[in-house]
Amino acid sequence: MRSIWKGAIGFGLVNIPIKLYSGVQSSNLDLTMLDEKDHEKIRYQRVNEKSHKEVGYDQIVRGYKLNDKWVVLDDHDFEEAAPEKTRVIELENFVELSAINPIYYETSYYAEPEAQGKKAYALLLQSLIKSKKAGVARFVFRKTENLCVIHPLNGVIVITKIRFQEEVRETTEVKVPEIKISKKELDMGMALIKQYTDKFDISEFKDEYSRELMKIIRAKAKGKRATVKKMKPKKEVSDDLYDQLMQSLGSKKQA
């Protein structure tokens with residue numbers, strides 16, 4: 001792994017020098033768009049919507065549409081709005097990790113201590129583990145201010161970026177009808193949840209689509225015909241909710 005950020009975690013008056021490494025990677029295959037005729041790569045161009053002519057990167061400015069008019073921003077404007085340039089992830093408070101709704105989570109980074117910060121790193125790590133808390137902090141990454149939670153994972157401090165409240169849309173615009181559920185139906189729903197309840201093991205869930213696609217790519221590379229899975233006929237299901245729940249419970253028992 002390659003370090004993507006260097007700085008420190010501010011733990012009270014203690015600064016813990018760290019490096020950040022990306023803790024996630026995409027499981028999607030890196031496919032490239034090609035010209036069907038000669039398999040040459042497709043290149044994107046920045047084109048003026050009106051003149052249809054290509055625009056050089058040095059001629060491009062950024063703007064925001066306000067009251068049907070474009071307000072153009074220059075480098076000075078971005079400098080004025082930019083957060084204070086700091087390399088410190090400043091811990092602001094500690095919370096229960098379960099109190100943070102998963103909708104706020106973005107991406108995670110592994111924090112590795114620099115040589116002079118190993119003991120302070122170990123102290124913060126063990127304190128997080130023992131208290132079962134997560135730290136909430138802000139830090140500047142790629143010229144923008146980010147909110148994050150600091151939590152332990154397998155003996156490593158993890159920095160997980162989370163969204164600000166204004167980045168999550170309100171649910172008020174989602175129309176959910178009020179429907180009365182009978183006690184019998186609710187009891188069946190609870191029974192179904194209980195039957196399917198198990199310990200969460202992430203290793204049981206694989207990216208099957210990418211695996212199958214890779215098999216097809218390897219087969220085609222050898223000049224073999226790619227096999228296509230046949231669609232399984234779908235069993236007819238009753239329109240009655242209670243009957244559907246009963247069938248669901250029965251199918252789980254047979255599995």
# chains A, B, ... in the order shown; residues from 1 in each chain; ligands from 1
>>> select_by_dssp(residues="stretch 127-236 of chain A", states="alpha helix (DSSP H)", output="NGL selection string")
:A and (127-131 or 183-196 or 208-221)
>>> write_last_selection(atoms="C-alpha atoms", output="short mmCIF file (atom, residue, chain, number, x, y, z; two decimals), in the first residue's frame")
data_model
loop_
_atom_site.label_atom_id
_atom_site.label_comp_id
_atom_site.auth_asym_id
_atom_site.auth_seq_id
_atom_site.Cartn_x
_atom_site.Cartn_y
_atom_site.Cartn_z
CA SER A 127 -8.28 3.54 25.06
CA LEU A 128 -10.73 3.25 22.15
CA ILE A 129 -10.90 -0.52 22.53
CA LYS A 130 -11.44 -0.42 26.30
CA SER A 131 -13.97 2.44 26.26
CA LYS A 183 -50.87 -8.64 14.85
CA LYS A 184 -50.82 -11.99 13.06
CA GLU A 185 -48.82 -10.54 10.16
CA LEU A 186 -46.43 -8.71 12.49
CA ASP A 187 -45.83 -11.88 14.51
CA MET A 188 -44.99 -13.71 11.28
CA GLY A 189 -42.63 -10.90 10.24
CA MET A 190 -40.85 -11.12 13.59
CA ALA A 191 -40.65 -14.92 13.28
CA LEU A 192 -39.09 -14.56 9.82
CA ILE A 193 -36.47 -12.12 11.13
CA LYS A 194 -35.68 -14.47 14.03
CA GLN A 195 -35.28 -17.42 11.67
CA TYR A 196 -32.89 -15.52 9.38
CA GLU A 208 -20.16 -12.82 -7.59
CA TYR A 209 -20.77 -10.60 -10.65
CA SER A 210 -17.08 -9.62 -10.97
CA ARG A 211 -16.01 -13.23 -10.41
CA GLU A 212 -18.30 -14.51 -13.16
CA LEU A 213 -17.24 -11.70 -15.50
CA MET A 214 -13.56 -12.56 -14.93
CA LYS A 215 -14.26 -16.21 -15.79
CA ILE A 216 -15.86 -15.07 -19.06
CA ILE A 217 -12.88 -12.78 -19.84
CA ARG A 218 -10.39 -15.60 -19.27
CA ALA A 219 -12.47 -18.00 -21.38
CA LYS A 220 -12.71 -15.50 -24.25
CA ALA A 221 -8.95 -14.82 -24.04
#
>>> residues_around(residues="A:Gly56", least_positions_apart="6", cutoff="10 Å", atoms="only C-alpha atoms", output="VMD selection string")
chain A and resid 45 to 47
>>> write_last_selection(atoms="C-alpha atoms", output="mmCIF file, in the first residue's frame")
data_model
loop_
_atom_site.group_PDB
_atom_site.id
_atom_site.type_symbol
_atom_site.label_atom_id
_atom_site.label_comp_id
_atom_site.auth_asym_id
_atom_site.auth_seq_id
_atom_site.Cartn_x
_atom_site.Cartn_y
_atom_site.Cartn_z
ATOM 1 C CA GLN A 45 -12.760 15.797 -24.819
ATOM 2 C CA ARG A 46 -13.863 19.000 -23.073
ATOM 3 C CA VAL A 47 -16.244 20.544 -25.596
#
>>> select_by_dssp(residues="stretch 55-200 of chain A", states="strand (DSSP E or B)", output="PyMOL selection string")
chain A and resi 62-66+69-73+88-95+105-113+134-141+144-153+156-162
>>> atom_distance(atom1="atom CA of A:Ile162", atom2="atom CA of A:Ala8")
18.6 Å
>>> closest_residue(among="A:Gly12, A:Asp74, A:Lys143, A:Arg163", to="A:Thr107", atoms="only C-alpha atoms")
A:Arg163
>>> closest_residue(among="A:Asp75, A:Lys6, A:Ser27, A:Leu13", to="A:Asp207", atoms="only C-alpha atoms")
A:Ser27
